[in-house]
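Notes to accompany the following structure.
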Amino acid sequence: MARNRGRFLVLIAAALIFSSALASSIFQPISDSHRSAALELFNPLGGSFSSVEKTYEELRTFEVLGIDKRSDISTAACQSVSEILGSSSSTLKDLFYALKVNGILQCGIKEDVFEGVASRLQAIVGGASALLDFYYSVGGLVLIKGQTSKDDLYLADAEGVFRSIKLWTTLAWNSPTLSRALLGLVADVALSQSDGRWRYNSNNPESSTFAAGLALEALAGIVSLSSSEINQSLISTTKNDILKLFDGIEKYDDGAFYFDEKLVGAREHQGALSTTSSVVRGLTAFAAVTSGSLNLPSGKILGLAKFFLGIGIPGDAKDLFNQVDSLAFLESNTVSIPLILSLPATVLSLTKKDALKVKVNTVLGSNAPPLTVNLLQVLRSGSKDTSLIESQELKFDPENAVYTLDALPKSVDVGKYTFVFEMVLHDSDHKNLYATGGQIRIPIFVTGVIEVDSAEIAVLDSDLGSIETKKKIDLAGENTVSLSANHLQKLRLSFQLSTPLGHAFKPHQAILKLTHETKVEHMFVMGSSGKQFEIILDFLGQVEKFFYLSGRYNVQLAVGDAVMENSFLKAIGHVDLDLPAPPEKAPQPPAQPLDPNLIYGPKAEIAHIFRAPEKLPPKKLSLTFLGLTLLPFLGFLVGLLRLGVNLKNFPSSSVPAVFATLFHLGIAAVLSLYMLFWLKLDLFTTLKALGFLGAFLMFVGHRILSHLASSSSKLKSA
Amino acid sequence: MLEEDTRILSMADGESSREATARTLRNAFGNVFSFFILLLIGILAFSIRLFSVIKYESVIHEFDPYFNYRVTQFLTKNGIYDFWNWFDDRTWYPLGRVIGGTVYPGLTLTAGTLWWLLNSLNIPLSVETVCVFTAPIFSAFASWATYLLTKEVKGTGAGLTAAVLLAMVPSYISRSVAGSYDNEAVAIFALIFTFYLYIKTLNTGSLFYATLNALAYFYMVCSWGGYTFIINLIPMHVLLCIVTGRYSSRLYIAYAPLVVLGTLLAALVPVVGFNAVMTSEHFASFLVFIIIHVVALVYHVKGNLSPRMFKVAVTLVVSVGLVVCCAMIAVLIALVASSPTKGWSGRSLSLLDPTYASKYIPIIASVSEHQPPTWPSYFMDINVLAFLVPAGIIACFLPLSDASSFVVLYIVTSVYFSGVMVRLMLVFAPAACIMSGIALSEAFNVLTRSIKFQLPGSSGISQSGDTSMNTEGEQNDIAKIEKMDETAKERPSKKNKRKEKEPVVKASIRFRIERRLLVLPLEASVIAIILLVLLGAFYVVHCVWAAAEAYSAPSIVLTTYSREGGLHVFDDFREGYAWLSHNTEVDDKVASWWDYGYQTTAMANRTVIVDNNTWNNTHIATVGTAMSSPEKAAWEIFNSLDVKYVLVVFGGLVGYPSDDINKFLWMVRIGGGVFPHIKEPDYLRDGQYRIDSQATPTMLNCLMYKLSYYRFVETDGKAFDRVRQTEIGKKYFKLTHFEEVRIWVLVILGIHNSPLDGSHLQIETSKEQDSREDQKIKIGEHEGLIFARKKQAQLLAQKEVEQGRETRGTSEINYRLMCSSVCNSYNHNQEAFERDLAGIFDHYPVKGNSVEGLCSLHV
Amino acid sequence: MARTTSSDAQALFHSLRSAYTSTPTSLKIIDLYVCFAVFTAIIQVVYMAVVGSFPFNSFLSGVLSCVGTAVLAVCLRIQVNKENKEFKDLAPERAFADFVLCNLVLHLVIMNFLG
């Protein structure tokens with residue numbers, strides 16, 4: 001599916017190329033660009049391809065393009081080929097392509113292998129009812145015949161001879177029946193349709209052009225296989241079918257012809273490229289094996305060639321293969337060989353006195369047979385067909401096979417033209433061998449230097465066109481005019497353009513641009529009368545458009561055209577305008593388009609505002625006060641000493657003493673717990689620990705205090 | 001406690017050894033009995049608050065509780081530390097709110113601990129259940145605390161009576177029914193308990209109780225902003241005692257540690273923080289702290305000086321003390337002057353000056369419970385207590401102890417505060433209960449004494465006993481009161497013994513009183529007892545009625561009686577929030593008046609602009625301005641806040657009085673307070689607020705009016721507002737920048753028209769509406785709204801084109817939006833559809849534009 | 001006049017001293033402790049006045065801890081004072097236990113508030 005889509009894309013691209021090519025219908029023959037593209041597109045994955053078909057396509061493409069790369073992959077390819085041919089389980093398609101690869105690579109395959117394959121193929125042919133089966137099997141047989149027939153020339157030993165003879169006899173014995181069977185079957189099942197298209201198999205109603213190509217190839221194979229003469233009626237019907245097929249051909253209006261499937265979206269739908277190429281294969285093969293010309297118009301063959309060439313360089317391997325393969329067939333077909341006329345350069349400069357060069361090649365770029373090229377007429381594009389010159393012949397330059405017209409006709413001025421050529425073959429019997437395609441119309445651009453003169457800029461008074469200031473401008477060189485005007489005046493800019501032959505020249509663009517300091521731009525298109533170009537800006541009418549912006553305006557003039565070799569964008573100078581003050585509800589000048597950096601670029605850094613830290617006192621001060629807070633404590637201790645504190649009340653007997661110490665320890669523990677709480681702990685852990693400590697403390701405290709109380713009460717009572 | 005009483009009692013009754021054994025037996029019996037009575041009181045207090053669960057269901061009630069519930073959920077899910085530094089981005093968009101630092105954590109922590117405890121005991125209750133039942137549990141605690149406090153003041157009998165009264169005082173029920181999960185539920189308990197501990201410390205003078213007192217104060221600070229009442233009341237009492245020459249070192253022990261510890265603990269609560277020492281609500285305590293030290297010094301010196309020397313000392317000390325005091329006062333005044341708003345936060349200023357709030361802080365004034373109460377509300381909330389309180393005060397004055405003086409002070413101040421704010425009835429109610437408890441018990445005391453003294457003792461006892469028996473048979477509350485009076489009977493003798501410490505003067509007063517009591521005739525006292533019992537019965541009936549009918553409606557589910565008298569239950573709030581949570585994007589912003597902020601965040605889990613924690617006046621004013629400006633301006637304001645939905649509550653259809661139209665004037669005032677272009681007079685027709693045809697054009701064009709009455713006329717032909725009892729002024733109008741997505745009876749969700757969500761939301765609603773139309777038949781005339789579309793998307797698109805913002809993307813969006821809207825309108829009413837389609841195809845060249853094509857595209 | 005007042009003052013101070021000498025040692029110790037705490041508090045306040053109260057919670061906890069200890073000590077002194085009639089039935093050991101408990105709570109809070 002993806003490949004299909006890819007192919008469609010390619011076709012769309014091709015269509016675009018054509019539509020652009022309507023203007024210039026020039027088809028370059030196959031060139032080195034194709035070769036490099038081939039080398040890019042076919043890149044063997046790890047030396048060998050996913051399928052034999054791909055291998056074949058690559059080899060074929062390289063063969064046609066004359067690139068010698070077979071040594072790289074020959075071993076791998078040959079190995080896979082011999083596997084496929086050897087195994088009896090390999091599919092028909094693989095067999096077919098394996099044989100084709102073998103035909104290119106000449107890997108030595110044993111005769112008996114061929115024999116086995118041939119017998120399989122014959123069996124298949126005998127029982128086949130679907131077109132593809134016929135196609136592959138018959139094609140396979142043809143290939144076997146070709147390869148073995150080549151073999152038996154150098155098979156010396158008896159066994160080899162024997163084998164080859166045996167093979168020959170089988171083939172010879174088989175072919176009549178086989179061909180009869182097939183042709184009969186073709187007649188009965190009527191795979192062939194009335195419009196020349198074919199069906200894939202009897203129970204598939206859809207008829208397809210692609211299938212027609214395959215069928216033609218298969219038929220050609222049968223004809224080549226069958227030793228005996230098969231009756232001409234079938235051949236003639238087939239030729240009629242071909243003619244009918246060519247009635248259904250489609251054309252682009254640059255003379256390119258192509259086949260396409262009628263109904264899009266059929267099951268195995270092929271794009272126009274593959275369809276056309278299959279038809280071309282079938283046609284050329286059939287034409288090669290049948291005597292007598294199937295009288296096809298040579299223009300259509302040429303059109304097919306143009307189609308393939310018009311694609312340019314396709315995007316994927318399959319398309320490249322189709323293109324190159326069918327071009328190769330066209331190159332060496334027996335109907336008519338297309339000749340391609342191409343120009344190295346379609347843009348000729350009058351000033352450089354360029355000569356008109358024409359090349360004639362075959363599609364693959366090989367040289368054409370001797371012929372003369374005539375320039376019939378030269379038409380100015382857009383004007384009706386009145387030729388500027390009478391027919392004349394181009395001079396042939398043998399060593400680099402180029403036909404040249406050394407001097408362009410005098411009457412040709414700068415501009416766009418259409419040159420009409422025709423090719424006349426010297427040898428008369430080439431005439432029906434080659435397709436020259438009659439008259440060939442090719443668009444040519446003739447460029448030149450346009451001379452600009454009498455340019456001047458002036459400021460006029462509005463009411464009566466009296467000139468206030470006028471400056472001459474040299475548009476070739478630099479100039480900085482400085483003018484000043486108010487809204488009651490006008491600005492006039494004028495210059496003249498003329499071609500090398502002195503005719504009036506109307507360029508594609510002649511634009512006056514005023515740019516205010518605030519980047520507000522105003523464009524004015526210059527009107528022309530003959531050579532004279534002039535614009536008059538009435539500022540009174542323009543104030544609205546100028547957004548009442550007074551100040552300095554830079555003046556720029558742009559003159560440009562495709563055939564003008566000296567297109568320019570010149571800064572003329574500046575005008576100082578003073579416009580009236582804007583009334584309210586005056587339109588605001590449009591906002592300038594933002595620089596994309598501002599939109600998508602990094603935003604400005606966000607400045608975080610932090611609260612200013614509170615001012616802290618100097619450390620020394622704090623420390624001194626810390627010391628001061630200790631003073632009362634010292635005072636406290638001193639006072640205790642002076643009071644003569646003693647611990648004689650501390651219980652002397654052991655148990656209360658223990659409790660007393662525990663009591664003080666508990667208090668100390670709680671205080672240290674508070675310290676921890678201040679330093680690291682959080683509230684709830686502290687509370688848990690405090691719970692335990694508190695219980696302990698309560699118990700111990702109760703014991704000691706009650707003891708003290710009892711003792712004191714005893715003392716009191718005593 | 002009780003045991004101690006019995007001991008004292010048994011020691012007490014020395015004078016008649018014959019009755020001694022019987023009396024001790026009876027006292028022990030009485031004490032055990034009173035314990036069971038306390039148990040019953042607790043059960044009563046818990047169960048009387050379950051009416052809301054029985055009548056409705058176990059839901060959280062109105063606004064604030066939903067926030068507390070949400071916070072509790074967060075706490076139970078993420079733990080305490082995440083809770084402390086929880087920054088909530090679901091509210092106050094785009095500012096957000098620091099929950100951990102701005103909430104009183106007491107309630108949340110309590111419920112969280114409860115939940116954690118239950119789960120660790122493998123009792124799997126949901127957080128919501130715990131939250132629902134927190135308030136009743138704590139009301140039981142509160143009644144017990146009341147018992148303790150009153151017992152400290154006037155003894156057990158008064159304590160039990162006060163406990164019973166408080167267990168069912170309506171004003172407290174109104175705040176603590178099951179499901180009203182609010183700070184007050186816990187705070188009242190904390191308040192009473194703190195007072196109890198203060199009195200206890202004052203009576204015993206032990207540091208232990210002082211510590212407990214500070215801790216209780218800490219719990220109070222955690223629970224409620226009302227802690228300032230405590231920290232101002234206690235210093236006042238101390239000052240009172242000092243001035244009345246009742247200074248004792250117990251007073252010092254009760255007060256000085258409380259100030260230091262309490263201040264530190266209060267500063268630990270994040271929401272209070274340094275305010276505990278910075279704002280002048282607390283300065284009074286510091287001032288008294290200094291004074292009490294001076295006084296203590298004076299008394300100390302006086303203690304160990306001969307009187308003559310003392311006369312000399314007084315001159316010196318007093319002068320020095322005066323100098324010190326003046327210096328301190330100067331310092332304080334300087335601090336007050338330096339601190340912002342003179343150190344008084346708005347609410348407390350509105351306490352001192354009732355007109356302050358309505359003058360300066362409309363937000364505070366806008367809350368109905370910040371309004372001054374009316375007399376009926378007094379009767380409603382504390383009905384017969386209002387008459388018993390004066391008697392209680394008198395009873396407190398004979399004899400006047402520190403404790404009773406404190407209670408008197410408490411009731412006087414709380415009466416004043418409750419006069420300022422309805423909300424503070426809550427503080428007033430316990431005082432009233434205590435007072436009337438004292439009064440009742442004293443009265444019973446006197447009467448039964450007189451009965452007893454006029455009968456032979458044993459028979460008297462048996463008689464009063466069997467009166468108790470048969471009364472117990474008929475009504476158990478009365479039985480309780482009887483029992484109280486049984487136990488309260490022994491007061492005087494016991495008080496005699498205890499009061500020996502006090503000056504002998506009181507004892508002589510005491511005797512005179514008793515002598516006066518003796519002359520009461522028997523019949524009069526019996527009749528008086530019966531009358532009192534009847535009074536109590538009336539009170540009980542009223543309380544039960546209040547608990548059942550008045551105060552148990554969870555205002556999130558409404559019941560209303562339709563004209564033919566059928567009862568309709570409207571669950572539209574929850575329905576609306578559920579709709580929000582199911583049909584809107586997770587981070588859509590919903591704008592509504594701040595009342596509904598908490599519910600929206602809690603139930604719909606959507607981001608709101610403002611909510612009930614009104615910490616940012618400007619933000620609320622912005623919403624108020626939006627609500628009271630014309631549509632386009634409102635659209636711009638909401639757009640700048642990227643609001644996507646506007647929620648409006650409208651009760652005009654079913655007669656639900658507290659809807660946004662009635663709150664609208666506050667929106668105008670609050671908005672106008674910040675944005676002066678909103679002027680209140682523009683919304684008033686010669687001074688009165690009306691929405692009928694006399695209303696001002698500003699009123700008729702403001703967003704609130706339009707959203708509320710949009711297509712109101714389609715319900716009944718004449719657009720009669722059942723709340724305002726009038727026909728609305730402007731009946732037929734269209735919304736230009738807003739678009740109705742969903743209508744319930746009460747809740748209108750106007751989608752704030754934003755291109756992207758428009759399309760699919762409208763499809764949603766078009767589906768919803770069909771279902772609603774089906775229900776319409778069943779539910780009846782309230783559902784009279786049929787949902788026809790009037791699309792404004794076209795206008796929106798035009799606006800965008802004008803603004804030149806029509807990039808390809810937006811135009812496509814608009815196109816999609818308009819197509820869908822067109823389709824809905826096509827499904828609903830044809831002519832609007834024709835117009836819109838024309839509008840679309842002017843703007844957007846559409847290929848193959850057949851209506852069905854478009855609608856098949858979107859519906 | 002002034003002379004009389006001054007003489008009175010001297011007499012006053014004399015009697016004060018005589019009265020104070022008669023107070024038991026334990027009370028004197030407590031008085032000393034109170035003075036110690038108060039002076040510490042005063043020094044901290046002076047420090048605050050000098051450098052400003054930036055870590056306000058530290059300042060508060062520092063001063064309040066001193067004041068708190070002073071107050072608690074005063075309470076203790078009141079309770080264990082023999083002349084004080086109100087606390088005859090309160091054993092000094094009980095008072096001391098309360099004192100210890102209260103101090104522990106106080107300093108837990110202080111530590112928590114110290115930050």
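Please note that chains go A, B, ... in the order of the structure tokens, that every chain numbers its residues from 1, and that ligands are numbered from 1 in the order shown.
Near region 63-71 of chain B, within a cut-off of 6 Å and counting only C-alpha atoms, sit the residues B:Phe74, B:Tyr181, B:Asp182, B:Tyr598, B:Gln599, B:Ala602, with same-chain residues fewer than 3 positions away left out.
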Residue list for chain C near chain B as a PyMOL selection string, 9 Å, only C-alpha atoms: chain C and resi 5+8-9+11-12+15-16+19-20+56-57+60-61+64-65+67-68+71-72+74-76+78-79+83-84+86-87+90+94-95+97-99+101-102+105-106+109-110+112-113
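The chain C residues that come within 6 Å of chain A are C:Phe36, C:Thr40, C:Val51, C:Glu93, C:Met111, with only C-alpha atoms taken into account.
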Need the shell around Phe59 (chain C): protein/DNA/RNA residues with any atom at most 10 Å away, counting only C-alpha atoms. Skip same-chain ones fewer than 3 positions apart. Format as a PyMOL selection string? chain C and resi 41+44-45+47-48+52-56+62-65+114
CA of Leu105 (chain A) and CA of Cys78 (chain A) are how many Å apart?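 So the answer is 7.5 Å.
Residues with any atom within 9 Å of Val269 (chain B), counting only C-alpha atoms and excluding same-chain neighbours fewer than 5 positions away, are Gly101, Tyr104, Pro105, Phe218, Val221 and Cys222 of chain B.
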Please report the interatomic distance between CA of Thr24 (chain B) and CA of Glu152 (chain B) in Å with one decimal.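 About the pair CA of Thr24 (chain B) and CA of Glu152 (chain B): they are 21.3 Å apart.
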Within 12 Å of Lys490 (chain A) using only C-alpha atoms, minus same-chain residues under 2 positions, as JSON, numbers by chain: {"A": [457, 458, 459, 460, 461, 462, 463, 464, 465, 466, 467, 468, 469, 470, 483, 484, 485, 486, 487, 488, 492, 493, 535, 536, 537, 538, 539, 540, 541, 542, 543, 575, 577]}
Extract, using only C-alpha atoms, all DNA, RNA and protein residues at most 9 Å from region 329-343 of chain A, discarding same-chain residues fewer than 2 positions from it, and format them as a ChimeraX atom specification. /A:26-29,280-281,283-285,287-288,293-299,301-306,324-327,345-346,356-365,368,421,423,431-437,440,442
Do a neighbour search on Leu109 (chain B) at 9 Å with only C-alpha atoms, toss out local chain neighbours closer than 6 positions, and write the hits as a ChimeraX atom specification. /B:72,75,80
As a list in words, please: every residue in region 536-628 of chain A that a backbone DSSP assignment puts in helix (DSSP H, G or I).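 The helix (DSSP H, G or I) residues within region 536-628 of chain A come out as Phe539, Leu540, Gly541, Gln542, Pro596, Asn597, Leu598, Ile599, Tyr600, Lys619, Lys620, Leu621, Ser622, Leu623, Thr624, Phe625, Leu626, Gly627 and Leu628 of chain A.
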Save out the residues we just selected, C-alpha atoms, as a compact mmCIF listing (two decimals), in the first residue's frame.
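out14.txt written:
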```txt
# COMPACT_ATOMS: atom_id res chain seq x y z
CA PHE A 539 -0.47 63.81 -1.26
CA LEU A 540 -3.76 65.63 -0.68
CA GLY A 541 -5.56 62.50 -1.78
CA GLN A 542 -3.11 60.27 0.05
CA PRO A 596 9.49 36.10 14.97
CA ASN A 597 12.22 36.10 17.58
CA LEU A 598 10.00 38.19 19.77
CA ILE A 599 7.13 35.74 19.41
CA TYR A 600 8.85 32.38 19.48
CA LYS A 619 27.04 39.35 66.26
CA LYS A 620 29.14 40.96 68.95
CA LEU A 621 26.13 42.77 70.39
CA SER A 622 24.05 39.63 70.51
CA LEU A 623 26.83 37.70 72.19
CA THR A 624 27.33 40.37 74.80
CA PHE A 625 23.64 40.27 75.63
CA LEU A 626 23.81 36.51 75.78
CA GLY A 627 26.51 36.97 78.39
CA LEU A 628 24.37 39.54 80.15
```
I'd like the interatomic distance between CA of Glu714 (chain B) and CA of Asp659 (chain B), to a tenth of an Å.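 About the pair CA of Glu714 (chain B) and CA of Asp659 (chain B): they are 19.8 Å apart.
Of all the residues in region 239-372 of chain A, the ones DSSP labels as strand (DSSP E) from the backbone are Glu250, Lys251, Phe257, Tyr258, Ile337, Pro338, Leu339, Ile340, Leu341, Ser342, Val347, Leu348, Ser349, Leu356, Lys357, Val358, Lys359, Val360, Asn361, Thr362, Leu371 and Thr372 of chain A.
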Resulting file, chosen residues, N, CA, C and O atoms, as a PDB file, in the first residue's frame:
```
ATOM      1  N   GLU A 250      -4.345   7.494 -23.320  1.00  0.00           N
ATOM      2  CA  GLU A 250      -4.646   8.853 -22.862  1.00  0.00           C
ATOM      3  C   GLU A 250      -3.439   9.730 -23.134  1.00  0.00           C
ATOM      4  O   GLU A 250      -2.314   9.245 -23.208  1.00  0.00           O
ATOM      5  N   LYS A 251      -3.679  11.058 -23.264  1.00  0.00           N
ATOM      6  CA  LYS A 251      -2.546  11.920 -23.650  1.00  0.00           C
ATOM      7  C   LYS A 251      -2.558  13.186 -22.816  1.00  0.00           C
ATOM      8  O   LYS A 251      -3.631  13.677 -22.432  1.00  0.00           O
ATOM      9  N   PHE A 257       1.879  10.412 -24.286  1.00  0.00           N
ATOM     10  CA  PHE A 257       0.796   9.432 -24.250  1.00  0.00           C
ATOM     11  C   PHE A 257       1.061   8.457 -23.118  1.00  0.00           C
ATOM     12  O   PHE A 257       2.209   8.105 -22.842  1.00  0.00           O
ATOM     13  N   TYR A 258      -0.029   7.943 -22.503  1.00  0.00           N
ATOM     14  CA  TYR A 258       0.171   6.945 -21.451  1.00  0.00           C
ATOM     15  C   TYR A 258      -1.100   6.145 -21.286  1.00  0.00           C
ATOM     16  O   TYR A 258      -2.182   6.564 -21.698  1.00  0.00           O
ATOM     17  N   ILE A 337      11.294   3.601 -33.458  1.00  0.00           N
ATOM     18  CA  ILE A 337      12.186   4.040 -32.388  1.00  0.00           C
ATOM     19  C   ILE A 337      12.050   5.550 -32.233  1.00  0.00           C
ATOM     20  O   ILE A 337      12.266   6.304 -33.178  1.00  0.00           O
ATOM     21  N   PRO A 338      11.652   6.024 -31.060  1.00  0.00           N
ATOM     22  CA  PRO A 338      11.453   7.470 -30.899  1.00  0.00           C
ATOM     23  C   PRO A 338      12.781   8.215 -30.843  1.00  0.00           C
ATOM     24  O   PRO A 338      13.763   7.723 -30.291  1.00  0.00           O
ATOM     25  N   LEU A 339      12.766   9.372 -31.435  1.00  0.00           N
ATOM     26  CA  LEU A 339      13.935  10.258 -31.387  1.00  0.00           C
ATOM     27  C   LEU A 339      13.553  11.491 -30.590  1.00  0.00           C
ATOM     28  O   LEU A 339      12.465  12.058 -30.766  1.00  0.00           O
ATOM     29  N   ILE A 340      14.443  11.923 -29.710  1.00  0.00           N
ATOM     30  CA  ILE A 340      14.129  13.041 -28.810  1.00  0.00           C
ATOM     31  C   ILE A 340      14.994  14.220 -29.205  1.00  0.00           C
ATOM     32  O   ILE A 340      16.214  14.112 -29.313  1.00  0.00           O
ATOM     33  N   LEU A 341      14.328  15.365 -29.413  1.00  0.00           N
ATOM     34  CA  LEU A 341      15.055  16.602 -29.730  1.00  0.00           C
ATOM     35  C   LEU A 341      15.101  17.454 -28.471  1.00  0.00           C
ATOM     36  O   LEU A 341      14.080  17.688 -27.827  1.00  0.00           O
ATOM     37  N   SER A 342      16.306  17.861 -28.093  1.00  0.00           N
ATOM     38  CA  SER A 342      16.433  18.607 -26.838  1.00  0.00           C
ATOM     39  C   SER A 342      17.385  19.763 -27.003  1.00  0.00           C
ATOM     40  O   SER A 342      18.260  19.741 -27.859  1.00  0.00           O
ATOM     41  N   VAL A 347      17.348  29.610 -22.685  1.00  0.00           N
ATOM     42  CA  VAL A 347      17.404  31.048 -22.397  1.00  0.00           C
ATOM     43  C   VAL A 347      18.592  31.607 -23.161  1.00  0.00           C
ATOM     44  O   VAL A 347      19.727  31.232 -22.912  1.00  0.00           O
ATOM     45  N   LEU A 348      18.329  32.469 -24.124  1.00  0.00           N
ATOM     46  CA  LEU A 348      19.396  33.025 -24.962  1.00  0.00           C
ATOM     47  C   LEU A 348      19.503  34.506 -24.686  1.00  0.00           C
ATOM     48  O   LEU A 348      18.488  35.204 -24.579  1.00  0.00           O
ATOM     49  N   SER A 349      20.732  34.959 -24.513  1.00  0.00           N
ATOM     50  CA  SER A 349      20.934  36.379 -24.216  1.00  0.00           C
ATOM     51  C   SER A 349      21.318  37.112 -25.484  1.00  0.00           C
ATOM     52  O   SER A 349      22.244  36.700 -26.193  1.00  0.00           O
ATOM     53  N   LEU A 356      21.878  29.339 -30.943  1.00  0.00           N
ATOM     54  CA  LEU A 356      20.834  28.354 -30.665  1.00  0.00           C
ATOM     55  C   LEU A 356      21.360  26.964 -30.958  1.00  0.00           C
ATOM     56  O   LEU A 356      21.813  26.694 -32.061  1.00  0.00           O
ATOM     57  N   LYS A 357      21.377  26.083 -29.904  1.00  0.00           N
ATOM     58  CA  LYS A 357      21.925  24.740 -30.052  1.00  0.00           C
ATOM     59  C   LYS A 357      20.799  23.738 -29.872  1.00  0.00           C
ATOM     60  O   LYS A 357      19.911  23.928 -29.043  1.00  0.00           O
ATOM     61  N   VAL A 358      20.855  22.645 -30.690  1.00  0.00           N
ATOM     62  CA  VAL A 358      19.829  21.604 -30.629  1.00  0.00           C
ATOM     63  C   VAL A 358      20.514  20.259 -30.682  1.00  0.00           C
ATOM     64  O   VAL A 358      21.452  20.058 -31.446  1.00  0.00           O
ATOM     65  N   LYS A 359      20.075  19.328 -29.802  1.00  0.00           N
ATOM     66  CA  LYS A 359      20.598  17.969 -29.843  1.00  0.00           C
ATOM     67  C   LYS A 359      19.465  17.022 -30.185  1.00  0.00           C
ATOM     68  O   LYS A 359      18.309  17.266 -29.843  1.00  0.00           O
ATOM     69  N   VAL A 360      19.836  15.919 -30.867  1.00  0.00           N
ATOM     70  CA  VAL A 360      18.849  14.885 -31.180  1.00  0.00           C
ATOM     71  C   VAL A 360      19.396  13.551 -30.699  1.00  0.00           C
ATOM     72  O   VAL A 360      20.525  13.173 -31.035  1.00  0.00           O
ATOM     73  N   ASN A 361      18.627  12.853 -29.825  1.00  0.00           N
ATOM     74  CA  ASN A 361      19.090  11.559 -29.303  1.00  0.00           C
ATOM     75  C   ASN A 361      17.949  10.575 -29.338  1.00  0.00           C
ATOM     76  O   ASN A 361      16.797  10.920 -29.537  1.00  0.00           O
ATOM     77  N   THR A 362      18.310   9.326 -29.086  1.00  0.00           N
ATOM     78  CA  THR A 362      17.278   8.348 -28.734  1.00  0.00           C
ATOM     79  C   THR A 362      16.986   8.512 -27.254  1.00  0.00           C
ATOM     80  O   THR A 362      17.651   9.269 -26.552  1.00  0.00           O
ATOM     81  N   LEU A 371      20.470  12.987 -39.854  1.00  0.00           N
ATOM     82  CA  LEU A 371      19.243  13.723 -40.168  1.00  0.00           C
ATOM     83  C   LEU A 371      19.556  15.196 -40.115  1.00  0.00           C
ATOM     84  O   LEU A 371      20.617  15.615 -39.670  1.00  0.00           O
ATOM     85  N   THR A 372      18.644  15.979 -40.600  1.00  0.00           N
ATOM     86  CA  THR A 372      18.811  17.434 -40.550  1.00  0.00           C
ATOM     87  C   THR A 372      17.676  18.008 -39.729  1.00  0.00           C
ATOM     88  O   THR A 372      16.555  17.485 -39.757  1.00  0.00           O
TER      89      THR A 372
END
```
